[in-house]
Every structure is written in structure tokens, then in C-alpha cells.
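**Student:** Sharing work.cif (mmCIF, N, CA and C atoms) below.
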data_query
#
loop_
_atom_site.label_atom_id
_atom_site.label_comp_id
_atom_site.auth_asym_id
_atom_site.auth_seq_id
_atom_site.Cartn_x
_atom_site.Cartn_y
_atom_site.Cartn_z
N MET A 81 -21.65 10.66 -93.07
CA MET A 81 -21.35 9.24 -93.13
C MET A 81 -19.90 9.05 -93.51
N ALA A 82 -19.07 8.80 -92.57
CA ALA A 82 -17.65 8.63 -92.85
C ALA A 82 -17.31 7.20 -93.21
N LEU A 83 -18.22 6.26 -92.91
CA LEU A 83 -17.94 4.84 -93.16
C LEU A 83 -18.95 4.27 -94.15
N GLY A 84 -18.81 3.00 -94.48
CA GLY A 84 -19.76 2.32 -95.34
C GLY A 84 -19.71 2.80 -96.77
N ALA A 85 -20.88 3.04 -97.35
CA ALA A 85 -20.99 3.42 -98.76
C ALA A 85 -20.29 4.74 -99.07
N ASN A 86 -20.05 5.54 -98.06
CA ASN A 86 -19.40 6.84 -98.30
C ASN A 86 -17.97 6.88 -97.76
N ALA A 87 -17.35 5.74 -97.62
CA ALA A 87 -15.96 5.71 -97.14
C ALA A 87 -15.09 6.57 -98.04
N GLY A 88 -14.28 7.39 -97.43
CA GLY A 88 -13.41 8.29 -98.20
C GLY A 88 -14.17 9.41 -98.90
N ASP A 89 -15.38 9.68 -98.45
CA ASP A 89 -16.23 10.74 -99.01
C ASP A 89 -16.50 10.57 -100.51
N VAL A 90 -16.60 9.33 -100.99
CA VAL A 90 -16.82 9.12 -102.42
C VAL A 90 -18.17 9.65 -102.88
N ALA A 91 -19.19 9.64 -102.02
CA ALA A 91 -20.51 10.15 -102.40
C ALA A 91 -20.61 11.67 -102.29
N ASN A 92 -19.66 12.29 -101.61
CA ASN A 92 -19.68 13.73 -101.42
C ASN A 92 -18.22 14.23 -101.38
N PRO A 93 -17.53 14.17 -102.53
CA PRO A 93 -16.10 14.51 -102.53
C PRO A 93 -15.80 15.95 -102.14
N ARG A 94 -16.76 16.87 -102.33
CA ARG A 94 -16.53 18.26 -101.93
C ARG A 94 -16.87 18.49 -100.47
N LYS A 95 -17.38 17.45 -99.79
CA LYS A 95 -17.70 17.47 -98.36
C LYS A 95 -18.67 18.60 -98.00
N ILE A 96 -19.72 18.74 -98.80
CA ILE A 96 -20.74 19.75 -98.55
C ILE A 96 -21.64 19.27 -97.42
N VAL A 97 -21.84 20.11 -96.41
CA VAL A 97 -22.72 19.79 -95.30
C VAL A 97 -24.15 20.19 -95.68
N PHE A 98 -25.04 19.20 -95.78
CA PHE A 98 -26.42 19.47 -96.17
C PHE A 98 -27.33 19.65 -94.97
N ILE A 99 -27.00 19.04 -93.86
CA ILE A 99 -27.79 19.18 -92.64
C ILE A 99 -26.85 18.90 -91.46
N SER A 100 -27.04 19.63 -90.39
CA SER A 100 -26.17 19.47 -89.24
C SER A 100 -26.96 19.59 -87.94
N PRO A 101 -27.81 18.58 -87.66
CA PRO A 101 -28.60 18.63 -86.43
C PRO A 101 -27.73 18.37 -85.20
N PRO A 102 -28.16 18.82 -84.04
CA PRO A 102 -27.39 18.60 -82.81
C PRO A 102 -27.51 17.15 -82.34
N ASP A 103 -26.62 16.74 -81.46
CA ASP A 103 -26.79 15.47 -80.77
C ASP A 103 -27.92 15.63 -79.76
N VAL A 104 -28.57 14.53 -79.41
CA VAL A 104 -29.62 14.59 -78.40
C VAL A 104 -29.02 15.03 -77.07
N LYS A 105 -29.81 15.68 -76.24
CA LYS A 105 -29.32 16.14 -74.94
C LYS A 105 -29.25 15.00 -73.92
N ASP A 106 -30.20 14.06 -74.00
CA ASP A 106 -30.23 12.93 -73.08
C ASP A 106 -30.13 11.64 -73.91
N PRO A 107 -28.95 11.03 -74.00
CA PRO A 107 -28.77 9.85 -74.83
C PRO A 107 -29.69 8.68 -74.46
N ALA A 108 -30.11 8.58 -73.20
CA ALA A 108 -30.99 7.49 -72.78
C ALA A 108 -32.43 7.73 -73.20
N ASN A 109 -32.78 8.98 -73.49
CA ASN A 109 -34.14 9.36 -73.91
C ASN A 109 -34.02 10.31 -75.10
N PRO A 110 -33.63 9.79 -76.28
CA PRO A 110 -33.32 10.66 -77.42
C PRO A 110 -34.53 11.42 -77.95
N ARG A 111 -34.35 12.74 -78.09
CA ARG A 111 -35.37 13.63 -78.65
C ARG A 111 -34.66 14.80 -79.34
N SER A 112 -35.21 15.23 -80.44
CA SER A 112 -34.74 16.45 -81.13
C SER A 112 -33.25 16.47 -81.45
N GLY A 113 -32.77 15.43 -82.09
CA GLY A 113 -31.37 15.41 -82.48
C GLY A 113 -30.91 14.04 -82.90
N ILE A 114 -29.62 13.91 -83.06
CA ILE A 114 -29.02 12.65 -83.48
C ILE A 114 -28.72 11.79 -82.25
N GLY A 115 -29.21 10.55 -82.26
CA GLY A 115 -28.95 9.62 -81.16
C GLY A 115 -27.47 9.31 -81.05
N THR A 116 -27.00 9.18 -79.83
CA THR A 116 -25.58 8.90 -79.61
C THR A 116 -25.37 7.48 -79.08
N THR A 117 -26.05 7.10 -78.00
CA THR A 117 -25.89 5.74 -77.48
C THR A 117 -27.14 4.90 -77.77
N THR A 118 -28.33 5.44 -77.52
CA THR A 118 -29.58 4.76 -77.85
C THR A 118 -29.94 5.15 -79.28
N GLY A 119 -29.95 4.18 -80.19
CA GLY A 119 -30.23 4.48 -81.60
C GLY A 119 -29.19 5.38 -82.22
N PRO A 120 -27.91 5.04 -82.11
CA PRO A 120 -26.87 5.94 -82.63
C PRO A 120 -27.02 6.21 -84.13
N GLY A 121 -26.86 7.48 -84.49
CA GLY A 121 -26.93 7.87 -85.89
C GLY A 121 -28.33 8.15 -86.39
N ARG A 122 -29.35 7.87 -85.61
CA ARG A 122 -30.73 8.16 -86.02
C ARG A 122 -31.08 9.59 -85.65
N TYR A 123 -31.92 10.22 -86.49
CA TYR A 123 -32.36 11.59 -86.26
C TYR A 123 -33.74 11.53 -85.62
N TYR A 124 -33.84 11.96 -84.37
CA TYR A 124 -35.07 11.86 -83.59
C TYR A 124 -35.89 13.15 -83.62
N ASP A 125 -37.21 12.98 -83.68
CA ASP A 125 -38.12 14.13 -83.62
C ASP A 125 -38.30 14.56 -82.17
N PRO A 126 -39.05 15.64 -81.91
CA PRO A 126 -39.23 16.13 -80.54
C PRO A 126 -39.94 15.16 -79.61
N TRP A 127 -40.60 14.13 -80.16
CA TRP A 127 -41.35 13.17 -79.36
C TRP A 127 -40.60 11.87 -79.15
N GLY A 128 -39.37 11.77 -79.65
CA GLY A 128 -38.53 10.60 -79.41
C GLY A 128 -38.64 9.50 -80.43
N THR A 129 -39.22 9.77 -81.58
CA THR A 129 -39.35 8.79 -82.65
C THR A 129 -38.42 9.18 -83.80
N PRO A 130 -37.71 8.23 -84.38
CA PRO A 130 -36.83 8.58 -85.51
C PRO A 130 -37.64 9.11 -86.70
N TYR A 131 -37.13 10.15 -87.36
CA TYR A 131 -37.73 10.62 -88.59
C TYR A 131 -37.62 9.54 -89.65
N LEU A 132 -38.60 9.48 -90.54
CA LEU A 132 -38.55 8.59 -91.69
C LEU A 132 -38.16 9.41 -92.90
N VAL A 133 -37.34 8.84 -93.77
CA VAL A 133 -36.84 9.55 -94.95
C VAL A 133 -36.91 8.63 -96.15
N ARG A 134 -37.36 9.18 -97.27
CA ARG A 134 -37.30 8.46 -98.55
C ARG A 134 -36.53 9.33 -99.52
N ILE A 135 -35.64 8.69 -100.26
CA ILE A 135 -34.79 9.38 -101.22
C ILE A 135 -34.98 8.75 -102.59
N ASP A 136 -35.12 9.58 -103.62
CA ASP A 136 -35.28 9.11 -104.99
C ASP A 136 -33.93 8.66 -105.54
N GLY A 137 -33.63 7.40 -105.36
CA GLY A 137 -32.35 6.86 -105.81
C GLY A 137 -32.29 6.61 -107.31
N THR A 138 -33.44 6.65 -107.99
CA THR A 138 -33.46 6.43 -109.45
C THR A 138 -33.38 7.74 -110.22
N TYR A 139 -33.43 8.85 -109.51
CA TYR A 139 -33.34 10.20 -110.10
C TYR A 139 -34.44 10.48 -111.13
N ASP A 140 -35.62 9.87 -110.93
CA ASP A 140 -36.74 10.18 -111.83
C ASP A 140 -37.71 11.18 -111.21
N ASN A 141 -37.35 11.72 -110.04
CA ASN A 141 -38.14 12.72 -109.34
C ASN A 141 -39.53 12.20 -108.96
N GLN A 142 -39.60 10.94 -108.56
CA GLN A 142 -40.87 10.36 -108.14
C GLN A 142 -40.66 9.50 -106.90
N LEU A 143 -41.48 9.75 -105.89
CA LEU A 143 -41.47 8.95 -104.67
C LEU A 143 -42.89 8.55 -104.32
N VAL A 144 -43.06 7.36 -103.80
CA VAL A 144 -44.37 6.91 -103.35
C VAL A 144 -44.78 7.75 -102.15
N ASN A 145 -45.99 8.28 -102.19
CA ASN A 145 -46.53 9.05 -101.08
C ASN A 145 -46.95 8.07 -99.98
N PRO A 146 -46.51 8.27 -98.73
CA PRO A 146 -46.89 7.36 -97.65
C PRO A 146 -48.35 7.48 -97.22
N TYR A 147 -49.10 8.40 -97.83
CA TYR A 147 -50.51 8.59 -97.53
C TYR A 147 -51.31 8.59 -98.84
N ALA A 148 -52.45 7.92 -98.86
CA ALA A 148 -53.27 7.84 -100.07
C ALA A 148 -54.09 9.11 -100.30
N LEU A 149 -54.53 9.77 -99.22
CA LEU A 149 -55.37 10.97 -99.34
C LEU A 149 -54.86 12.10 -98.47
N ASN A 150 -55.11 13.33 -98.90
CA ASN A 150 -54.84 14.55 -98.13
C ASN A 150 -53.37 14.78 -97.77
N ALA A 151 -52.46 14.35 -98.63
CA ALA A 151 -51.03 14.60 -98.39
C ALA A 151 -50.29 14.80 -99.70
N GLY A 152 -50.96 15.35 -100.69
CA GLY A 152 -50.30 15.60 -101.96
C GLY A 152 -50.52 14.50 -102.97
N ALA A 153 -49.85 14.66 -104.09
CA ALA A 153 -50.02 13.77 -105.23
C ALA A 153 -49.41 12.39 -104.96
N THR A 154 -49.83 11.44 -105.79
CA THR A 154 -49.24 10.10 -105.75
C THR A 154 -48.91 9.71 -107.18
N PRO A 155 -47.65 9.54 -107.55
CA PRO A 155 -46.48 9.70 -106.71
C PRO A 155 -46.13 11.17 -106.51
N LEU A 156 -45.30 11.43 -105.52
CA LEU A 156 -44.82 12.78 -105.28
C LEU A 156 -43.71 13.10 -106.29
N GLN A 157 -43.72 14.29 -106.82
CA GLN A 157 -42.71 14.72 -107.80
C GLN A 157 -41.61 15.49 -107.06
N ILE A 158 -40.78 14.75 -106.33
CA ILE A 158 -39.77 15.36 -105.47
C ILE A 158 -38.65 14.35 -105.24
N GLY A 159 -37.49 14.82 -104.88
CA GLY A 159 -36.35 13.94 -104.70
C GLY A 159 -36.17 13.35 -103.31
N VAL A 160 -36.64 14.06 -102.26
CA VAL A 160 -36.48 13.59 -100.88
C VAL A 160 -37.69 14.00 -100.07
N ILE A 161 -38.18 13.11 -99.24
CA ILE A 161 -39.23 13.46 -98.29
C ILE A 161 -38.82 12.94 -96.91
N ALA A 162 -39.36 13.61 -95.88
CA ALA A 162 -39.15 13.17 -94.50
C ALA A 162 -40.44 13.40 -93.75
N TRP A 163 -40.72 12.54 -92.77
CA TRP A 163 -41.91 12.73 -91.96
C TRP A 163 -41.73 12.13 -90.58
N SER A 164 -42.59 12.57 -89.68
CA SER A 164 -42.56 12.17 -88.28
C SER A 164 -43.96 11.70 -87.89
N PHE A 165 -44.03 10.77 -86.96
CA PHE A 165 -45.33 10.27 -86.50
C PHE A 165 -46.07 11.26 -85.61
N GLY A 166 -45.44 12.33 -85.19
CA GLY A 166 -46.09 13.35 -84.39
C GLY A 166 -46.20 12.99 -82.91
N LYS A 167 -46.98 13.78 -82.21
CA LYS A 167 -47.08 13.68 -80.75
C LYS A 167 -47.57 12.32 -80.26
N ASP A 168 -48.50 11.69 -81.00
CA ASP A 168 -49.02 10.39 -80.55
C ASP A 168 -48.08 9.23 -80.88
N VAL A 169 -46.97 9.49 -81.54
CA VAL A 169 -45.94 8.54 -81.97
C VAL A 169 -46.51 7.30 -82.66
N GLN A 170 -47.63 7.48 -83.36
CA GLN A 170 -48.25 6.39 -84.11
C GLN A 170 -48.62 6.88 -85.50
N SER A 171 -48.58 5.96 -86.47
CA SER A 171 -48.96 6.29 -87.84
C SER A 171 -49.22 5.02 -88.60
N GLN A 172 -50.08 5.13 -89.61
CA GLN A 172 -50.34 4.00 -90.51
C GLN A 172 -49.52 4.15 -91.79
N SER A 173 -48.61 5.13 -91.84
CA SER A 173 -47.84 5.40 -93.05
C SER A 173 -46.71 4.39 -93.28
N VAL A 174 -46.42 3.57 -92.29
CA VAL A 174 -45.40 2.54 -92.42
C VAL A 174 -46.03 1.22 -92.03
N PRO A 175 -46.07 0.17 -92.86
CA PRO A 175 -45.43 0.18 -94.16
C PRO A 175 -46.18 1.00 -95.20
N GLY A 176 -47.42 1.33 -94.97
CA GLY A 176 -48.19 2.25 -95.79
C GLY A 176 -48.51 1.74 -97.17
N PRO A 177 -49.16 2.53 -97.96
CA PRO A 177 -49.55 3.88 -97.58
C PRO A 177 -50.76 3.89 -96.66
N ALA A 178 -50.82 4.90 -95.81
CA ALA A 178 -51.96 5.10 -94.92
C ALA A 178 -53.14 5.57 -95.77
N ALA A 179 -54.33 5.25 -95.36
CA ALA A 179 -55.52 5.63 -96.13
C ALA A 179 -55.69 7.13 -96.24
N ASN A 180 -55.55 7.85 -95.13
CA ASN A 180 -55.85 9.28 -95.14
C ASN A 180 -54.96 10.00 -94.12
N LYS A 181 -54.27 11.04 -94.54
CA LYS A 181 -53.39 11.81 -93.66
C LYS A 181 -54.15 12.52 -92.56
N LYS A 182 -55.42 12.86 -92.81
CA LYS A 182 -56.18 13.68 -91.86
C LYS A 182 -57.08 12.90 -90.91
N THR A 183 -56.89 11.59 -90.81
CA THR A 183 -57.75 10.81 -89.92
C THR A 183 -56.92 9.92 -88.99
N GLY A 184 -57.51 9.58 -87.85
CA GLY A 184 -56.91 8.64 -86.91
C GLY A 184 -55.54 9.04 -86.42
N THR A 185 -54.66 8.05 -86.32
CA THR A 185 -53.31 8.29 -85.80
C THR A 185 -52.45 9.09 -86.78
N ASN A 186 -52.89 9.24 -88.03
CA ASN A 186 -52.12 9.98 -89.03
C ASN A 186 -52.31 11.49 -88.92
N ASP A 187 -53.35 11.93 -88.25
CA ASP A 187 -53.73 13.35 -88.23
C ASP A 187 -52.63 14.27 -87.72
N ASP A 188 -51.83 13.83 -86.77
CA ASP A 188 -50.78 14.70 -86.21
C ASP A 188 -49.40 14.45 -86.83
N ASP A 189 -49.32 13.59 -87.84
CA ASP A 189 -48.03 13.33 -88.50
C ASP A 189 -47.49 14.63 -89.11
N VAL A 190 -46.20 14.84 -89.01
CA VAL A 190 -45.54 16.02 -89.56
C VAL A 190 -44.84 15.61 -90.85
N ILE A 191 -45.19 16.27 -91.97
CA ILE A 191 -44.63 15.88 -93.27
C ILE A 191 -43.88 17.05 -93.89
N SER A 192 -42.85 16.74 -94.65
CA SER A 192 -41.98 17.78 -95.22
C SER A 192 -42.46 18.31 -96.56
N TRP A 193 -43.35 17.63 -97.22
CA TRP A 193 -43.68 17.98 -98.61
C TRP A 193 -44.95 18.79 -98.77
N GLN A 194 -45.50 19.32 -97.72
CA GLN A 194 -46.67 20.20 -97.83
C GLN A 194 -46.48 21.44 -97.01
#
Can you present the structure in this file as C-alpha cells?
**Tutor:**
Amino acid sequence: MALGANAGDVANPRKIVFISPPDVKDPANPRSGIGTTTGPGRYYDPWGTPYLVRIDGTYDNQLVNPYALNAGATPLQIGVIAWSFGKDVQSQSVPGPAANKKTGTNDDDVISWQ
């Protein structure tokens, strides 16, 4: 992020690269990378849906779990989570929480914390 809240690298003065995904191969149909023209700056999963990310901005190591059952503790004791809606590109986790990670449209969701 060179602009906005991180102008002049104030949030990362040592300029440490934490993740470096590729740009999407087809900007009109973004998949598996960072969108360039369609949804610029968004990180897309292999099915063309942007990944969802939650960051613990209060530094208390607690995040709301987007699923009520079968996806770990509530709250999660972690600083960052990311997830994808999976192949069916549907999920009840947004706005969430979804009732159960292992049922319905949530079953194929890909989550980072398990």
C-alpha cells in the first residue's frame, strides 16, 4: 500500500514484504492473484472471488469467528484470518457468523485458521 493510510511507508518503515501474490493472468476474469483492472488491488481466489480478511486491530489477539460451529473457537485467539467461499462461490459467513462450517454452502469454504 503506497497510498492512503500507509503513505510514505509509515505503517511499515522497514518495508518488509509480508506477502507477494502475482497479478491475475486475465484482468477481465480475475482468478488466483491481485486484480489489476477488474477489482484492482483485491486478492482473488482460484474461483474468482476476493479473499476475505480480518485483522485484530486492537491487538488483543481475538477475532470473531465467521462460523458458529466446526471452525474453531469463538472468538479465535489469533491476529489475522483469511477465508474463501470455495468452488461454489457462496457462503453464509458474511455478514455471518454462519451457523455451521460443515453444512450447506459453507462446506467448501477454505479457511486459514484450521
**Student:** Could you please write out, as a PyMOL selection string, every residue of chain A that DSSP assigns to strand (DSSP E or B)?
**Tutor:** chain A and resi 103+113-114+123-124+130+132-135+143+147+156+160-164+178+190-191
**Student:** Given all atoms listed in the file as the basis, pick out the residue of A:Asn180, A:Gln172, A:Gln157, A:Ser112 nearest to A:Asp140.
**Tutor:**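 Ranked by minimum distance to A:Asp140, first place goes to A:Gln157.
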**Student:** Kindly list the centre and edge lengths in Å, rounded to one decimal, for the axis-aligned box that covers all listed atoms of stretch 133-141 of chain A plus 5 Å on each of its six sides, as lines of an AutoDock Vina configuration file.
**Tutor:**
center_x = -35.9
center_y = 9.6
center_z = -102.8
size_x = 17.2
size_y = 16.3
size_z = 28.1
**Student:** So that I can see what lies close to A:Ile161, please list as a PyMOL selection string the residues with an atom at most 7 Å from it, counting all atoms listed in the file and leaving out residues fewer than 5 positions away in the same chain.
**Tutor:** chain A and resi 132-136+192-193
**Student:** I want to know what sits within 9 Å of A:Gly176, based on only C-alpha atoms, with residues of the same chain fewer than 5 positions away left out; could you give that as an mmCIF file with N, CA and C atoms, keeping the file's coordinate frame?
**Tutor:**
data_model
loop_
_atom_site.group_PDB
_atom_site.id
_atom_site.type_symbol
_atom_site.label_atom_id
_atom_site.label_comp_id
_atom_site.auth_asym_id
_atom_site.auth_seq_id
_atom_site.Cartn_x
_atom_site.Cartn_y
_atom_site.Cartn_z
ATOM 1 N N ASN A 145 -45.990 8.280 -102.190
ATOM 2 C CA ASN A 145 -46.530 9.050 -101.080
ATOM 3 C C ASN A 145 -46.950 8.070 -99.980
ATOM 4 N N PRO A 146 -46.510 8.270 -98.730
ATOM 5 C CA PRO A 146 -46.890 7.360 -97.650
ATOM 6 C C PRO A 146 -48.350 7.480 -97.220
ATOM 7 N N TYR A 147 -49.100 8.400 -97.830
ATOM 8 C CA TYR A 147 -50.510 8.590 -97.530
ATOM 9 C C TYR A 147 -51.310 8.590 -98.840
ATOM 10 N N ALA A 148 -52.450 7.920 -98.860
ATOM 11 C CA ALA A 148 -53.270 7.840 -100.070
ATOM 12 C C ALA A 148 -54.090 9.110 -100.300
ATOM 13 N N SER A 171 -48.580 5.960 -86.470
ATOM 14 C CA SER A 171 -48.960 6.290 -87.840
ATOM 15 C C SER A 171 -49.220 5.020 -88.600
#
**Student:** For A:Phe165, which residue out of A:Val190, A:Ala108, A:Ala85, A:Val90 is the nearest one, using only N, CA and C atoms?
**Tutor:**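 Ranking A:Val190, A:Ala108, A:Ala85, A:Val90 by distance to A:Phe165, first place goes to A:Val190.
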**Student:** Evaluated on this file, the PyMOL selection byres ((chain A and resi 106) around 8) picks out some residues - which ones are they, written as a list in words?
**Tutor:**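 That selection, the PyMOL selection byres ((chain A and resi 106) around 8), comes back as Asp103, Val104, Lys105, Pro107, Ala108, Asn109, Pro110, Arg111, Gly115, Thr116, Thr117 and Thr118 of chain A.
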